[in-house]
Amino acid sequence: MKYPKSLKWLSRSRINADGGAYGARMRRLQLMGILCTVILFIVYRTTIYQQLHSEIEDTLHSFEIVEEPYKAYEELKYLPRGIVQARSDLELRPLWLTSSLSLKPEHERHRNLLAISAGIKQKENVDVIVQKFISENFTVMLFHYDCNVDGWKDLEWNNKAIHIVAHNQTKWWFAKRFLHPDVISIYDYIFIWDEDLGVKNFHPGRYLKIMKSEGLEISQPALDPDLSEVHHRITIRKRKKKVHRRIYETRGSVRCSEDSKGPPCTGWVEGMAPVFSRSAWRCAWHLIQNDLVHGWGMDMKLGYCAQGDRTKKVGIIDGEFIVHQGVQTLGGSYAKKVYKDNSHDESMQLQRRSAAAVDVRSEIRRQSTSELNIFKKRWEKAAREDKNWADPYKQSQTQSLRFI
């Protein structure tokens, strides 16, 4: 049977139309498949990047403490948000304002802090130090471990300083209790110094310019080797350098080379004159143990607070240097020489005082050594038990130093 031509044409047209629609649907499905694959790939890569970024942040800022938002909210929920002030400062405020006395403009307020442990026997030396810092618009805080505050009243800057008193306490005891990061968060840099430092060749303003330009988070001024009591070679001034971050040592029990990645070869400062950025201090404050007041062992771990690679962000500044006089006064009088022309009774008294001072220093050193061992065990225990913490500076061998 033969079909009319019109029917054959209509049949072919229908088949072509159906096939074209099917092809269009297939192309749309293919396009949707490709689009879904691209979206899934982007989501996957974003997730991987976020996870990697989080791991890096956790590694570099392993000591950063983050408050629980819910807990903070529960404590403050009865206050309107706008009235809450979470931080403070150490700026002195007048009881009332007069036409001749007004609060300083924002750009003139103190932006750096000097905290120094001070006994009256080092008054003259501390006066020289403070005058240099006051002239650079520093806030100054004195930790009086001998309880003698009145003896400083004749100094011009006395009423501008903040005085904290506690009998026979170390500067780390004071710092842990009175330099909380939230209280001193307005300060860009924090100097936590001993009282026996000579600053004839030191200028705070120039020092901070070097520290900023070099990208240092933790630093100390270099020591004049001819006049200083030097405990560690890395602190010795290099005359031809502005900053140094490591030493090279081929002799002795500790070898230091370009391959060295940690203390005592690099990433280290001594405890008598450290300088911290705001971020580094927030970390270091949490590292200070509340009950271990001498701070021994902490110097080996300060590099973890450098907010990055400690071989780059911790350094000794040679351009502005100091003298470490090595005067020991905390816990007792430093020994005085007994001259031949002294009377017998006076000589005997001086000798007894000297012997007592030596005994006190021996006890302090014994306690410091004990605290060093406790600190080391605490660190090892914390590192072992914190499964979410990865040591960015893990090495096969470590050496132990201490704060002096």
# chains A, B, ... in the order shown; residues from 1 in each chain; ligands from 1
>>> closest_atom_pairs(of="range 260-313 of chain A", to="range 217-239 of chain A", cutoff="10 Å", atoms="only C-alpha atoms", output="tab-separated table")
residue	atom	partner	partner_atom	distance
A:Pro263	CA	A:Ile234	CA	9.5
A:Pro264	CA	A:Ile234	CA	7.5
A:Cys265	CA	A:Ile234	CA	7.0
A:Thr266	CA	A:Ile234	CA	7.9
A:Gly267	CA	A:Ile218	CA	8.9
A:Trp268	CA	A:Ile234	CA	8.1
A:Val269	CA	A:Gln220	CA	6.2
A:Glu270	CA	A:Thr235	CA	7.4
A:Gly271	CA	A:Gln220	CA	8.9
A:Met272	CA	A:Gln220	CA	8.7
A:Ala273	CA	A:Gln220	CA	5.8
A:Pro274	CA	A:Gln220	CA	4.9
A:Val275	CA	A:Ser219	CA	5.2
A:Phe276	CA	A:Ile218	CA	4.8
A:Ser277	CA	A:Glu217	CA	5.1
A:Arg278	CA	A:Glu217	CA	8.3
A:Ser279	CA	A:Glu217	CA	7.8
A:Ala280	CA	A:Glu217	CA	6.0
A:Trp281	CA	A:Ile218	CA	8.6
A:Ala284	CA	A:Ile218	CA	9.9
A:Leu302	CA	A:Ile218	CA	8.3
A:Gly303	CA	A:Ile218	CA	8.0
A:Cys305	CA	A:Ile218	CA	8.2
A:Ala306	CA	A:Glu217	CA	5.5
A:Gln307	CA	A:Glu217	CA	7.1
A:Gly308	CA	A:Glu217	CA	9.0
A:Arg310	CA	A:Ile218	CA	8.8
A:Lys312	CA	A:Glu217	CA	9.2
A:Lys313	CA	A:Glu217	CA	5.4
>>> write_last_selection(atoms="N, CA, C and O atoms", output="mmCIF file, in the first residue's frame")
data_model
loop_
_atom_site.group_PDB
_atom_site.id
_atom_site.type_symbol
_atom_site.label_atom_id
_atom_site.label_comp_id
_atom_site.auth_asym_id
_atom_site.auth_seq_id
_atom_site.Cartn_x
_atom_site.Cartn_y
_atom_site.Cartn_z
ATOM 1 N N PRO A 263 66.097 28.780 70.007
ATOM 2 C CA PRO A 263 67.021 29.190 71.066
ATOM 3 C C PRO A 263 68.043 28.089 71.352
ATOM 4 O O PRO A 263 67.726 26.911 71.226
ATOM 5 N N PRO A 264 69.242 28.456 71.757
ATOM 6 C CA PRO A 264 69.721 29.820 72.024
ATOM 7 C C PRO A 264 70.358 30.500 70.817
ATOM 8 O O PRO A 264 71.003 31.529 70.956
ATOM 9 N N CYS A 265 70.183 29.893 69.637
ATOM 10 C CA CYS A 265 70.849 30.400 68.430
ATOM 11 C C CYS A 265 70.053 31.495 67.734
ATOM 12 O O CYS A 265 70.621 32.404 67.122
ATOM 13 N N THR A 266 68.743 31.419 67.803
ATOM 14 C CA THR A 266 67.882 32.395 67.134
ATOM 15 C C THR A 266 66.505 32.382 67.791
ATOM 16 O O THR A 266 66.161 31.460 68.536
ATOM 17 N N GLY A 267 65.716 33.438 67.530
ATOM 18 C CA GLY A 267 64.368 33.488 68.098
ATOM 19 C C GLY A 267 64.332 33.611 69.596
ATOM 20 O O GLY A 267 63.460 33.044 70.254
ATOM 21 N N TRP A 268 65.264 34.420 70.158
ATOM 22 C CA TRP A 268 65.402 34.431 71.614
ATOM 23 C C TRP A 268 65.856 35.803 72.119
ATOM 24 O O TRP A 268 66.668 36.473 71.483
ATOM 25 N N VAL A 269 65.308 36.227 73.260
ATOM 26 C CA VAL A 269 65.782 37.418 73.971
ATOM 27 C C VAL A 269 65.910 37.066 75.447
ATOM 28 O O VAL A 269 65.287 36.113 75.927
ATOM 29 N N GLU A 270 66.721 37.856 76.160
ATOM 30 C CA GLU A 270 66.924 37.615 77.585
ATOM 31 C C GLU A 270 65.877 38.364 78.407
ATOM 32 O O GLU A 270 65.220 39.284 77.913
ATOM 33 N N GLY A 271 65.747 37.985 79.670
ATOM 34 C CA GLY A 271 64.648 38.494 80.481
ATOM 35 C C GLY A 271 64.848 39.838 81.126
ATOM 36 O O GLY A 271 63.926 40.365 81.728
ATOM 37 N N MET A 272 66.052 40.434 81.027
ATOM 38 C CA MET A 272 66.258 41.679 81.775
ATOM 39 C C MET A 272 65.693 42.900 81.057
ATOM 40 O O MET A 272 65.405 43.908 81.680
ATOM 41 N N ALA A 273 65.507 42.838 79.736
ATOM 42 C CA ALA A 273 65.048 44.032 79.012
ATOM 43 C C ALA A 273 64.216 43.684 77.783
ATOM 44 O O ALA A 273 64.455 44.215 76.696
ATOM 45 N N PRO A 274 63.211 42.825 77.905
ATOM 46 C CA PRO A 274 62.403 42.489 76.729
ATOM 47 C C PRO A 274 61.437 43.604 76.347
ATOM 48 O O PRO A 274 60.981 44.374 77.192
ATOM 49 N N VAL A 275 61.124 43.670 75.062
ATOM 50 C CA VAL A 275 60.148 44.622 74.525
ATOM 51 C C VAL A 275 59.154 43.828 73.686
ATOM 52 O O VAL A 275 59.551 43.050 72.812
ATOM 53 N N PHE A 276 57.865 44.025 73.928
ATOM 54 C CA PHE A 276 56.818 43.263 73.258
ATOM 55 C C PHE A 276 55.898 44.189 72.469
ATOM 56 O O PHE A 276 55.567 45.283 72.923
ATOM 57 N N SER A 277 55.452 43.716 71.321
ATOM 58 C CA SER A 277 54.335 44.387 70.654
ATOM 59 C C SER A 277 53.063 44.046 71.420
ATOM 60 O O SER A 277 53.042 43.138 72.268
ATOM 61 N N ARG A 278 51.993 44.744 71.103
ATOM 62 C CA ARG A 278 50.723 44.488 71.793
ATOM 63 C C ARG A 278 50.286 43.030 71.619
ATOM 64 O O ARG A 278 49.903 42.350 72.580
ATOM 65 N N SER A 279 50.363 42.526 70.401
ATOM 66 C CA SER A 279 49.928 41.153 70.131
ATOM 67 C C SER A 279 50.827 40.135 70.814
ATOM 68 O O SER A 279 50.344 39.139 71.375
ATOM 69 N N ALA A 280 52.133 40.379 70.773
ATOM 70 C CA ALA A 280 53.061 39.446 71.410
ATOM 71 C C ALA A 280 52.855 39.413 72.922
ATOM 72 O O ALA A 280 52.956 38.350 73.546
ATOM 73 N N TRP A 281 52.565 40.582 73.520
ATOM 74 C CA TRP A 281 52.363 40.603 74.961
ATOM 75 C C TRP A 281 51.099 39.858 75.362
ATOM 76 O O TRP A 281 51.060 39.192 76.409
ATOM 77 N N ALA A 284 52.301 36.424 75.527
ATOM 78 C CA ALA A 284 53.308 36.211 76.579
ATOM 79 C C ALA A 284 52.672 36.274 77.970
ATOM 80 O O ALA A 284 53.088 35.532 78.875
ATOM 81 N N LEU A 302 59.251 32.077 74.543
ATOM 82 C CA LEU A 302 58.697 33.355 74.092
ATOM 83 C C LEU A 302 58.555 33.419 72.577
ATOM 84 O O LEU A 302 57.691 34.118 72.053
ATOM 85 N N GLY A 303 59.401 32.700 71.844
ATOM 86 C CA GLY A 303 59.310 32.706 70.391
ATOM 87 C C GLY A 303 57.981 32.213 69.859
ATOM 88 O O GLY A 303 57.575 32.562 68.748
ATOM 89 N N CYS A 305 55.307 33.220 70.857
ATOM 90 C CA CYS A 305 54.426 34.388 70.896
ATOM 91 C C CYS A 305 54.805 35.444 69.853
ATOM 92 O O CYS A 305 54.298 36.569 69.901
ATOM 93 N N ALA A 306 55.682 35.103 68.926
ATOM 94 C CA ALA A 306 56.193 36.085 67.968
ATOM 95 C C ALA A 306 55.236 36.372 66.822
ATOM 96 O O ALA A 306 55.586 37.112 65.902
ATOM 97 N N GLN A 307 54.044 35.776 66.851
ATOM 98 C CA GLN A 307 53.030 36.025 65.825
ATOM 99 C C GLN A 307 53.529 35.644 64.437
ATOM 100 O O GLN A 307 53.238 36.295 63.438
ATOM 101 N N GLY A 308 54.286 34.567 64.364
ATOM 102 C CA GLY A 308 54.841 34.118 63.099
ATOM 103 C C GLY A 308 56.171 33.421 63.327
ATOM 104 O O GLY A 308 56.421 32.860 64.384
ATOM 105 N N ARG A 310 59.606 32.816 64.419
ATOM 106 C CA ARG A 310 60.419 33.449 65.452
ATOM 107 C C ARG A 310 61.820 33.789 64.965
ATOM 108 O O ARG A 310 62.477 34.670 65.530
ATOM 109 N N LYS A 312 62.464 35.306 62.373
ATOM 110 C CA LYS A 312 62.332 36.599 61.685
ATOM 111 C C LYS A 312 61.748 37.684 62.587
ATOM 112 O O LYS A 312 62.089 38.863 62.450
ATOM 113 N N LYS A 313 60.865 37.309 63.504
ATOM 114 C CA LYS A 313 60.109 38.292 64.273
ATOM 115 C C LYS A 313 60.635 38.514 65.687
ATOM 116 O O LYS A 313 60.048 39.271 66.458
#
>>> select_by_dssp(residues="range 86-275 of chain A", states="alpha helix (DSSP H)", output="count of residues only")
30
>>> atom_distance(atom1="CA of Val199 in chain A", atom2="CA of Thr329 in chain A")
19.2 Å
>>> residues_around(residues="Lys132 in chain A", least_positions_apart="4", cutoff="9 Å", atoms="only C-alpha atoms", output="list in words")
Asp127, Val128, Glu136, Val199, Phe202, His203 and Pro204 of chain A
>>> atom_distance(atom1="CA of Asn125 in chain A", atom2="CA of Ile190 in chain A")
19.9 Å
>>> residues_around(residues="range 145-155 of chain A", least_positions_apart="6", cutoff="12 Å", atoms="only C-alpha atoms", output="JSON, numbers by chain")
{"A": [116, 117, 118, 119, 120, 121, 122, 123, 124, 126, 127, 128, 130, 131, 161, 162, 163, 164, 165, 166, 167, 168, 169, 170, 171, 172, 173, 174, 194, 195, 329, 330, 331, 332, 333]}
>>> write_last_selection(atoms="N, CA, C and O atoms", output="compact mmCIF listing (two decimals), in the first residue's frame")
# COMPACT_ATOMS: atom_id res chain seq x y z
N ILE A 116 58.91 48.89 85.13
CA ILE A 116 60.25 48.61 85.62
C ILE A 116 60.21 48.29 87.11
O ILE A 116 59.58 49.00 87.89
N SER A 117 60.84 47.18 87.50
CA SER A 117 60.95 46.86 88.92
C SER A 117 62.02 47.75 89.52
O SER A 117 63.10 47.90 88.97
N ALA A 118 61.72 48.34 90.69
CA ALA A 118 62.61 49.38 91.21
C ALA A 118 62.71 49.33 92.73
O ALA A 118 61.70 49.29 93.43
N GLY A 119 63.94 49.34 93.20
CA GLY A 119 64.23 49.48 94.62
C GLY A 119 64.91 50.82 94.85
O GLY A 119 65.55 51.37 93.96
N ILE A 120 64.81 51.34 96.05
CA ILE A 120 65.33 52.67 96.33
C ILE A 120 66.84 52.75 96.14
O ILE A 120 67.39 53.82 95.83
N LYS A 121 67.54 51.65 96.30
CA LYS A 121 69.00 51.67 96.13
C LYS A 121 69.41 51.91 94.68
O LYS A 121 70.55 52.29 94.42
N GLN A 122 68.50 51.70 93.76
CA GLN A 122 68.78 51.95 92.35
C GLN A 122 68.06 53.21 91.85
O GLN A 122 67.83 53.39 90.66
N LYS A 123 67.70 54.08 92.78
CA LYS A 123 66.92 55.27 92.45
C LYS A 123 67.61 56.13 91.39
O LYS A 123 66.98 56.58 90.43
N GLU A 124 68.90 56.37 91.56
CA GLU A 124 69.61 57.25 90.62
C GLU A 124 69.60 56.67 89.21
O GLU A 124 69.36 57.39 88.24
N VAL A 126 67.46 54.39 87.97
CA VAL A 126 66.08 54.36 87.47
C VAL A 126 65.64 55.75 87.02
O VAL A 126 64.93 55.90 86.01
N ASP A 127 66.06 56.78 87.73
CA ASP A 127 65.74 58.16 87.34
C ASP A 127 66.23 58.46 85.93
O ASP A 127 65.52 59.05 85.11
N VAL A 128 67.45 58.04 85.63
CA VAL A 128 68.02 58.28 84.29
C VAL A 128 67.20 57.55 83.23
O VAL A 128 66.88 58.09 82.16
N VAL A 130 63.97 56.51 83.41
CA VAL A 130 62.62 57.04 83.28
C VAL A 130 62.61 58.38 82.55
O VAL A 130 61.72 58.64 81.73
N GLN A 131 63.59 59.23 82.80
CA GLN A 131 63.63 60.52 82.11
C GLN A 131 63.69 60.36 80.59
O GLN A 131 63.07 61.13 79.86
N ALA A 161 54.09 59.02 87.25
CA ALA A 161 54.25 57.57 87.17
C ALA A 161 53.19 56.86 88.01
O ALA A 161 52.58 57.45 88.91
N ILE A 162 52.97 55.60 87.71
CA ILE A 162 52.07 54.75 88.47
C ILE A 162 52.93 53.87 89.38
O ILE A 162 53.88 53.23 88.90
N HIS A 163 52.61 53.84 90.65
CA HIS A 163 53.43 53.12 91.62
C HIS A 163 52.65 51.93 92.17
O HIS A 163 51.55 52.09 92.70
N ILE A 164 53.23 50.74 92.03
CA ILE A 164 52.64 49.52 92.57
C ILE A 164 53.59 48.96 93.62
O ILE A 164 54.80 48.85 93.38
N VAL A 165 53.06 48.59 94.78
CA VAL A 165 53.91 48.18 95.90
C VAL A 165 53.54 46.77 96.36
O VAL A 165 52.36 46.46 96.58
N ALA A 166 54.55 45.93 96.47
CA ALA A 166 54.40 44.59 97.07
C ALA A 166 55.78 44.12 97.52
O ALA A 166 56.73 44.15 96.74
N HIS A 167 55.88 43.69 98.74
CA HIS A 167 57.18 43.37 99.34
C HIS A 167 57.82 42.14 98.69
O HIS A 167 57.22 41.06 98.60
N ASN A 168 59.07 42.31 98.23
CA ASN A 168 59.91 41.22 97.72
C ASN A 168 59.23 40.39 96.62
O ASN A 168 59.32 39.16 96.61
N GLN A 169 58.58 41.07 95.68
CA GLN A 169 57.99 40.37 94.55
C GLN A 169 58.78 40.68 93.27
O GLN A 169 59.32 41.77 93.11
N THR A 170 58.82 39.72 92.37
CA THR A 170 59.56 39.88 91.13
C THR A 170 58.73 40.66 90.11
O THR A 170 57.52 40.82 90.25
N LYS A 171 59.40 41.09 89.05
CA LYS A 171 58.66 41.87 88.03
C LYS A 171 57.64 40.99 87.29
O LYS A 171 56.61 41.49 86.82
N TRP A 172 57.89 39.66 87.22
CA TRP A 172 56.92 38.79 86.55
C TRP A 172 55.69 38.60 87.43
O TRP A 172 54.58 38.42 86.92
N TRP A 173 55.88 38.60 88.75
CA TRP A 173 54.72 38.58 89.64
C TRP A 173 53.87 39.82 89.42
O TRP A 173 52.65 39.75 89.29
N PHE A 174 54.52 40.98 89.38
CA PHE A 174 53.80 42.24 89.14
C PHE A 174 53.13 42.23 87.76
O PHE A 174 51.97 42.62 87.62
N ASP A 194 64.42 45.54 83.89
CA ASP A 194 65.04 45.54 85.21
C ASP A 194 65.56 46.93 85.53
O ASP A 194 65.65 47.80 84.65
N GLU A 195 65.98 47.11 86.77
CA GLU A 195 66.41 48.43 87.24
C GLU A 195 67.88 48.73 87.00
O GLU A 195 68.33 49.88 87.12
N THR A 329 69.63 43.06 93.82
CA THR A 329 69.13 43.68 95.05
C THR A 329 67.86 43.02 95.58
O THR A 329 67.58 43.11 96.77
N LEU A 330 67.08 42.38 94.73
CA LEU A 330 65.82 41.77 95.17
C LEU A 330 66.10 40.66 96.18
O LEU A 330 66.90 39.76 95.94
N GLY A 331 65.43 40.72 97.33
CA GLY A 331 65.57 39.69 98.34
C GLY A 331 66.65 39.98 99.36
O GLY A 331 66.86 39.22 100.29
N GLY A 332 67.40 41.08 99.20
CA GLY A 332 68.45 41.39 100.15
C GLY A 332 69.41 42.39 99.57
O GLY A 332 69.40 42.69 98.38
N SER A 333 70.25 42.97 100.40
CA SER A 333 71.20 43.98 99.96
C SER A 333 72.32 43.33 99.17
O SER A 333 72.73 42.20 99.44
>>> closest_atom_pairs(of="range 126-186 of chain A", to="range 76-94 of chain A", cutoff="6 Å", atoms="only C-alpha atoms", output="JSON lines")
{"residue": "A:Asp182", "atom": "CA", "partner": "A:Arg87", "partner_atom": "CA", "distance": 5.0}
{"residue": "A:Val183", "atom": "CA", "partner": "A:Ser88", "partner_atom": "CA", "distance": 4.5}
{"residue": "A:Ile184", "atom": "CA", "partner": "A:Asp89", "partner_atom": "CA", "distance": 5.2}
>>> write_last_selection(atoms="N, CA, C and O atoms", output="JSON list (two decimals), in the first residue's frame")
[["chain", "number", "residue", "atom", "x", "y", "z"],
["A", 182, "ASP", "N", 44.14, 43.24, 78.37],
["A", 182, "ASP", "CA", 42.99, 44.12, 78.15],
["A", 182, "ASP", "C", 43.17, 45.47, 78.82],
["A", 182, "ASP", "O", 42.63, 46.48, 78.35],
["A", 183, "VAL", "N", 43.92, 45.51, 79.92],
["A", 183, "VAL", "CA", 44.15, 46.77, 80.62],
["A", 183, "VAL", "C", 45.14, 47.64, 79.86],
["A", 183, "VAL", "O", 45.02, 48.88, 79.85],
["A", 184, "ILE", "N", 46.11, 47.03, 79.21],
["A", 184, "ILE", "CA", 47.15, 47.81, 78.51],
["A", 184, "ILE", "C", 47.02, 47.70, 76.99],
["A", 184, "ILE", "O", 47.99, 47.89, 76.26]]
>>> atom_distance(atom1="CA of Phe191 in chain A", atom2="CA of Ser135 in chain A")
15.2 Å
>>> select_by_dssp(residues="range 175-399 of chain A", states="strand (DSSP E or B)", output="PyMOL selection string")
chain A and resi 189-193+197-198+218-223+236+243-244+246+249+256+266+275-277+314-324
>>> closest_residue(among="A:Trp193, A:Tyr207, A:Tyr304, A:Trp296", to="Ile317 in chain A", atoms="only C-alpha atoms")
A:Tyr207
